[in-house]
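**Q** Quick one: the structure is below, and I'll ask about it shortly.
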Amino acid sequence: MDTDTVRSPAGNEAEGRRREQRGWYFYDWACSVYSTSVVTVFLGPYLTSVAEAAADADGFVHPLGIPVRAGSFFAYSISLSVILAVLVMPLVGAVADRTGRKKPLLAAAAYTGAAATTGMFFLDGDRYLLGGLLLVVANAAQAVAMMLYNSYLPQIAPPEERDAVSSRGWAFGYAAGALVLVLNLVLYTGHERFGLSEGMAVRICLASAGLWWGAFALVPLRRLRDRRAPAREPGKAGEAAALSGFRQLAATIRDMRRHPLTLAFLLAYLVYNDGIQTVITQASVYGSKELGLGQSTLIVAVLLVQVLAVAGALAMGRLARRYGAKRTILGSLVAWTLTLAAGYFLPAGAPMWFFVLASGIGLVLGGSQALSRSLFSHLVPPGKEAEYFSAYEVSDRGMSWLGPLLFGLTYQLTGSYRDAIISLVGFFVLGFALLARVPVRRAIADAGNPVPERI
């Protein structure tokens with residue numbers, strides 16, 4: 001027998017792991033289109049216009065009899081989706097860890113979100129309530145699905161591979177976002193040539209994101225596999241699964257107190273990621289209101305961020321292999337600080353300089369998020385991946401109001417968007433200081449995980 005043709009058990013295991021990793025990448029490829037085309041570009045302005053069409057003479061709509069300014073309806077719907085996700089994620093995470101059946105839960109969340117997004121095709125006329133409901137469902141479902149998706153990382157990648165695997169996942173997501181955004185923009189800008197109204201073109205773009213999400217979610221759902229849950233005391237699994245979202249989150253935080261260094265990293269991440277998320281959501285406001293740039297310029301800038309985020313995520317993954325994830329993240333926070341400082345001095349009416357700023361954001365955006373995810377995966381006690389990643393997602397989603405609040409208050413007090421954008425530097429400076437104080441090697445060992453050679 002030719003022994004070269006017989007694979008060893010270790011070889012079979014490595015090949016199976018690589019197959020799962022390739023499948024895992026495709027969930028980012030599937031769902032990132034929702035974040036880019038739906039939330040970042042099209043839905044906000046379109047849902048606002050639908051709400052305005054339904055508004056009374058004073059500009060208010062009245063969902064459930066509550067007076068709401070039409071221009072605030074999109075923001076309030078986002079906030080409501082965050083509240084729903086915060087309630088649901090800890091419960092789903094606990095069920096996933098205690099049953100070991102993450103894949104059916106991932107499928108349920110992914111296809112709930114994809115179906116709600118596809119249903120946005122029917123958002124026309126004055127159906128603002130339908131739009132708000134679909135947005136709440138889709139956004140909350142995406143948060144739950146991402147929590148489950150992230151919790152697979154420590155199971156499909158050994159410690160030495162996680163930075164690279166996480167970075168590739170982010171790169172896949174940004175590549176898909178850029179590709180579909182190009183196709184959407186071709187349809188949107190040329191809608192008259194295609195015999196479509198502007199509203200119909202937007203509805204097709206929204207629905208296509210849901211179809212893309214559902215179609216490509218099949219790849220990870222075929223390749224990822226469930227692991228047997230660790231043995232627990234009789235009766236405890238059902239009791240834990242029955243806990244409410246807040247009670248389970250509180251239980252997770254209490255458990256984290258036994259791993260204070262993991263909690264310290266989560267606090268640092270909460271601070272600097274709030275800055276990142278606020279820059280993402282407010283950069284277009286800054287470009288439009290302070291710099292006087294047109295919609296087409298802003299859309300091209302979003303596309304530029306998507307493209308460069310692919311290269312940035314991969315490049316920072318390589319830097320992490322050489323210098324360690326912690327040092328690379330700290331370097332990215334310095335880059336974020338310098339980028340915002342440069343943004344403060346951007347001249348008005350100069351698209352080229354805004355594109356330069358967008359390039360800087362794109363190069364550090366994907367990598368700082370990807371490496372944060374992989375570094376946190378080392379700090380999670382074995383068998384509690386979904387539960388801890390639910391807290392990770394809650395810190396991401398549930399606290400993302402602080403940055404916008406500071407941005408809004410600064411503008412209200414100063415009347416300057418430049419002062420508002422520079423106020424966000426504090427998130428990156430404080431996040432840098434908090435992260436620098438976390439001894440990650442000791443934190444990994446305290447969590448009961450092997451310590452990589454470079455971290």
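The way I read the labels, and the way they are meant: chains A, B, ... in the order of the structure tokens, residue 1 as the first residue of every chain, and ligand 1 as the first ligand shown, with later ones counted on from there.
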If you run DSSP over the backbone, which residues in segment 80-327 of chain A end up alpha helix (DSSP H)? Put them as a ChimeraX atom specification.
**A** /A:80-99,102-118,128-151,153-156,162-189,198-216,218-223,236-241,245-256,260-285,295-323,325-327
**Q** Using Å and a single decimal, report how far atom CA of Val302 of chain A sits from atom CA of Val182 of chain A.
**A**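 Here the two named atoms are 10.6 Å from each other.
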**Q** Please measure the separation of atom CA of Val356 of chain A and atom CA of Ala178 of chain A, giving the value in Å to one decimal.
**A**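 Value for the atom CA of Val356 of chain A-atom CA of Ala178 of chain A distance: 17.6 Å.
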**Q** Residues near Asp226 of chain A, anyone? I mean within 10 Å using only C-alpha atoms, not counting same-chain ones fewer than 4 positions away, as a short mmCIF file (atom, residue, chain, number, x, y, z; two decimals) with C-alpha atoms, in the first residue's frame.
**A**
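Written file, around_35.cif:
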data_model
loop_
_atom_site.label_atom_id
_atom_site.label_comp_id
_atom_site.auth_asym_id
_atom_site.auth_seq_id
_atom_site.Cartn_x
_atom_site.Cartn_y
_atom_site.Cartn_z
CA ALA A 96 -26.56 27.32 22.30
CA THR A 99 -27.42 22.20 24.04
CA GLY A 100 -24.41 22.36 21.73
CA ARG A 101 -26.82 23.04 18.82
CA LYS A 102 -25.69 26.37 17.46
CA LYS A 103 -26.36 25.65 13.81
CA PRO A 104 -30.19 25.43 13.99
CA TYR A 152 -17.75 29.38 16.33
CA GLN A 155 -14.03 25.98 17.90
#
**Q** Please indicate the distance in Å from atom CA of Val305 of chain A to atom CA of Ala358 of chain A, rounded to one decimal place.
**A**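 Computed distance, atom CA of Val305 of chain A to atom CA of Ala358 of chain A, equals 5.7 Å.
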**Q** Within 10 Å of Glu453 of chain A, counting only C-alpha atoms, which residues qualify if same-chain residues fewer than 2 places away don't, as a PDB file with C-alpha atoms, in the first residue's frame?
**A**
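Done, and the output landed in result_34.pdb:
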ATOM      1  CA  PRO A 159      -5.102  29.795  18.951  1.00  0.00           C
ATOM      2  CA  GLU A 160      -2.296  30.383  16.448  1.00  0.00           C
ATOM      3  CA  ARG A 321       1.132  37.226  13.276  1.00  0.00           C
ATOM      4  CA  GLY A 324       0.749  40.066  18.201  1.00  0.00           C
ATOM      5  CA  ARG A 441      -1.164  36.308  28.314  1.00  0.00           C
ATOM      6  CA  PRO A 450      -3.463  27.656  25.764  1.00  0.00           C
ATOM      7  CA  VAL A 451      -1.389  30.809  25.330  1.00  0.00           C
ATOM      8  CA  ILE A 455      -0.556  37.469  21.205  1.00  0.00           C
TER       9      ILE A 455
END
**Q** Between A:Gly113, A:Gly331, A:Gly312, A:Gly169, which residue has the minimum interatomic distance to Arg22 of chain A, considering only C-alpha atoms?
**A**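 Among A:Gly113, A:Gly331, A:Gly312, A:Gly169, it is A:Gly169 that comes nearest to Arg22 of chain A.
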**Q** Find the residues near segment 45-58 of chain A: any atom within 12 Å, counting only C-alpha atoms, skip ones fewer than 3 places away on the same chain, and give them as a PDB file with C-alpha atoms, in the first residue's frame.
**A**
ATOM      1  CA  SER A  37     -26.490  48.389   1.327  1.00  0.00           C
ATOM      2  CA  VAL A  38     -29.469  48.398   3.688  1.00  0.00           C
ATOM      3  CA  VAL A  39     -28.420  50.092   6.945  1.00  0.00           C
ATOM      4  CA  THR A  40     -25.551  52.317   5.776  1.00  0.00           C
ATOM      5  CA  VAL A  41     -26.750  53.481   2.358  1.00  0.00           C
ATOM      6  CA  PHE A  42     -30.370  52.995   1.318  1.00  0.00           C
ATOM      7  CA  VAL A  61     -46.312  60.114  12.509  1.00  0.00           C
ATOM      8  CA  HIS A  62     -48.205  58.311  15.250  1.00  0.00           C
ATOM      9  CA  PRO A  63     -47.126  54.664  15.724  1.00  0.00           C
ATOM     10  CA  PRO A  67     -46.238  61.269  18.212  1.00  0.00           C
ATOM     11  CA  VAL A  68     -42.850  60.785  16.522  1.00  0.00           C
ATOM     12  CA  ARG A  69     -41.114  63.158  14.131  1.00  0.00           C
ATOM     13  CA  ALA A  70     -40.872  61.484  10.729  1.00  0.00           C
ATOM     14  CA  GLY A  71     -37.161  62.298  10.578  1.00  0.00           C
ATOM     15  CA  SER A  72     -36.552  60.422  13.846  1.00  0.00           C
ATOM     16  CA  PHE A  73     -38.455  57.256  12.957  1.00  0.00           C
ATOM     17  CA  PHE A  74     -35.469  55.428  11.434  1.00  0.00           C
ATOM     18  CA  ALA A  75     -33.230  56.185  14.430  1.00  0.00           C
ATOM     19  CA  TYR A  76     -35.901  55.084  16.896  1.00  0.00           C
ATOM     20  CA  SER A  77     -36.427  51.843  14.947  1.00  0.00           C
ATOM     21  CA  ILE A  78     -32.690  51.127  15.147  1.00  0.00           C
ATOM     22  CA  MET A 120     -38.619  45.465   2.385  1.00  0.00           C
ATOM     23  CA  PHE A 121     -39.509  45.227  -1.300  1.00  0.00           C
ATOM     24  CA  PHE A 122     -43.105  45.915  -0.206  1.00  0.00           C
ATOM     25  CA  LEU A 123     -42.121  49.117   1.601  1.00  0.00           C
ATOM     26  CA  ASP A 124     -43.784  51.840  -0.492  1.00  0.00           C
ATOM     27  CA  GLY A 125     -46.348  54.587  -0.235  1.00  0.00           C
ATOM     28  CA  ASP A 126     -46.893  55.454   3.414  1.00  0.00           C
ATOM     29  CA  ARG A 127     -46.141  52.019   4.915  1.00  0.00           C
ATOM     30  CA  TYR A 128     -43.687  53.363   7.454  1.00  0.00           C
ATOM     31  CA  LEU A 129     -44.917  50.988  10.183  1.00  0.00           C
ATOM     32  CA  LEU A 130     -44.150  48.003   7.954  1.00  0.00           C
ATOM     33  CA  GLY A 131     -40.695  49.410   7.317  1.00  0.00           C
ATOM     34  CA  GLY A 132     -40.056  49.960  11.015  1.00  0.00           C
ATOM     35  CA  LEU A 133     -41.217  46.457  11.908  1.00  0.00           C
ATOM     36  CA  LEU A 134     -39.060  44.833   9.207  1.00  0.00           C
ATOM     37  CA  LEU A 135     -36.042  46.897  10.286  1.00  0.00           C
ATOM     38  CA  GLU A 198     -36.288  55.742  -8.051  1.00  0.00           C
ATOM     39  CA  GLY A 199     -38.408  54.171  -5.303  1.00  0.00           C
ATOM     40  CA  MET A 200     -38.660  50.848  -7.128  1.00  0.00           C
ATOM     41  CA  ALA A 201     -34.881  50.812  -7.651  1.00  0.00           C
ATOM     42  CA  VAL A 202     -34.320  51.328  -3.912  1.00  0.00           C
ATOM     43  CA  ARG A 203     -36.815  48.570  -3.042  1.00  0.00           C
ATOM     44  CA  CYS A 205     -31.699  47.038  -3.789  1.00  0.00           C
ATOM     45  CA  LEU A 206     -33.140  46.407  -0.322  1.00  0.00           C
ATOM     46  CA  GLN A 295     -24.787  62.298  -2.024  1.00  0.00           C
TER      47      GLN A 295
END
**Q** Give me the residues near Leu291 of chain A as a list in words, where near means some atom within 8 Å (using only C-alpha atoms) and where sequence neighbours in that chain fewer than 2 positions away do not count.
**A**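 Returned residues: Tyr286, Gly287, Ser288, Lys289, Leu293, Leu346, Pro347, Ala348, Gly349 and Ala350 of chain A.
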**Q** Any chance you could export the current selection's N, CA, C and O atoms as a compact mmCIF listing (two decimals), in the first residue's frame?
**A**
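Dumped everything to again.txt:
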# COMPACT_ATOMS: atom_id res chain seq x y z
N TYR A 286 -21.09 64.34 8.75
CA TYR A 286 -19.99 65.31 8.75
C TYR A 286 -19.67 65.75 7.32
O TYR A 286 -19.51 66.96 7.05
N GLY A 287 -19.60 64.78 6.41
CA GLY A 287 -19.29 65.12 5.03
C GLY A 287 -20.37 65.97 4.39
O GLY A 287 -20.07 66.90 3.63
N SER A 288 -21.63 65.67 4.69
CA SER A 288 -22.74 66.40 4.07
C SER A 288 -22.92 67.79 4.68
O SER A 288 -22.98 68.79 3.96
N LYS A 289 -23.02 67.86 6.02
CA LYS A 289 -23.38 69.11 6.68
C LYS A 289 -22.20 70.06 6.87
O LYS A 289 -22.36 71.28 6.76
N LEU A 293 -20.57 68.16 0.92
CA LEU A 293 -20.39 67.18 -0.15
C LEU A 293 -21.72 66.58 -0.56
O LEU A 293 -22.63 66.42 0.25
N LEU A 346 -10.10 69.01 7.55
CA LEU A 346 -10.46 68.86 6.14
C LEU A 346 -11.13 70.13 5.62
O LEU A 346 -12.04 70.67 6.26
N PRO A 347 -10.73 70.63 4.44
CA PRO A 347 -11.40 71.80 3.88
C PRO A 347 -12.77 71.44 3.32
O PRO A 347 -12.99 70.32 2.85
N ALA A 348 -13.72 72.36 3.40
CA ALA A 348 -15.05 72.14 2.86
C ALA A 348 -15.01 72.14 1.33
O ALA A 348 -14.17 72.80 0.71
N GLY A 349 -15.91 71.36 0.75
CA GLY A 349 -16.04 71.33 -0.71
C GLY A 349 -14.87 70.71 -1.42
O GLY A 349 -14.61 71.03 -2.60
N ALA A 350 -14.13 69.83 -0.75
CA ALA A 350 -12.96 69.17 -1.37
C ALA A 350 -13.14 67.66 -1.29
O ALA A 350 -12.67 67.03 -0.34
**Q** If we count only C-alpha atoms and set the cut-off at 6 Å, which residues sit around segment 257-269 of chain A, ignoring sequence neighbours fewer than 3 positions away in its own chain? Please answer as a list in words.
**A** Arg254, Tyr272, Asn273, Leu379, Gly431, Leu434, Leu435 and Ala443 of chain A
**Q** As a count of residues only, list the residues of segment 20-111 of chain A assigned to strand (DSSP E or B) by DSSP on the backbone atoms of this structure.
**A** 4
**Q** When distances are computed from only C-alpha atoms, which of A:Ala176, A:Cys31, A:Leu340, A:Leu105 shows the smallest separation from Thr278 of chain A?
**A**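 When distances to Thr278 of chain A are compared using only C-alpha atoms, the smallest one comes from A:Leu340.
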**Q** Between A:Ile421, A:Ala301, A:Leu430, A:Leu196, which is the closest to Gly360 of chain A once you count only C-alpha atoms?
**A**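 Among A:Ile421, A:Ala301, A:Leu430, A:Leu196, it is A:Ala301 that comes nearest to Gly360 of chain A.
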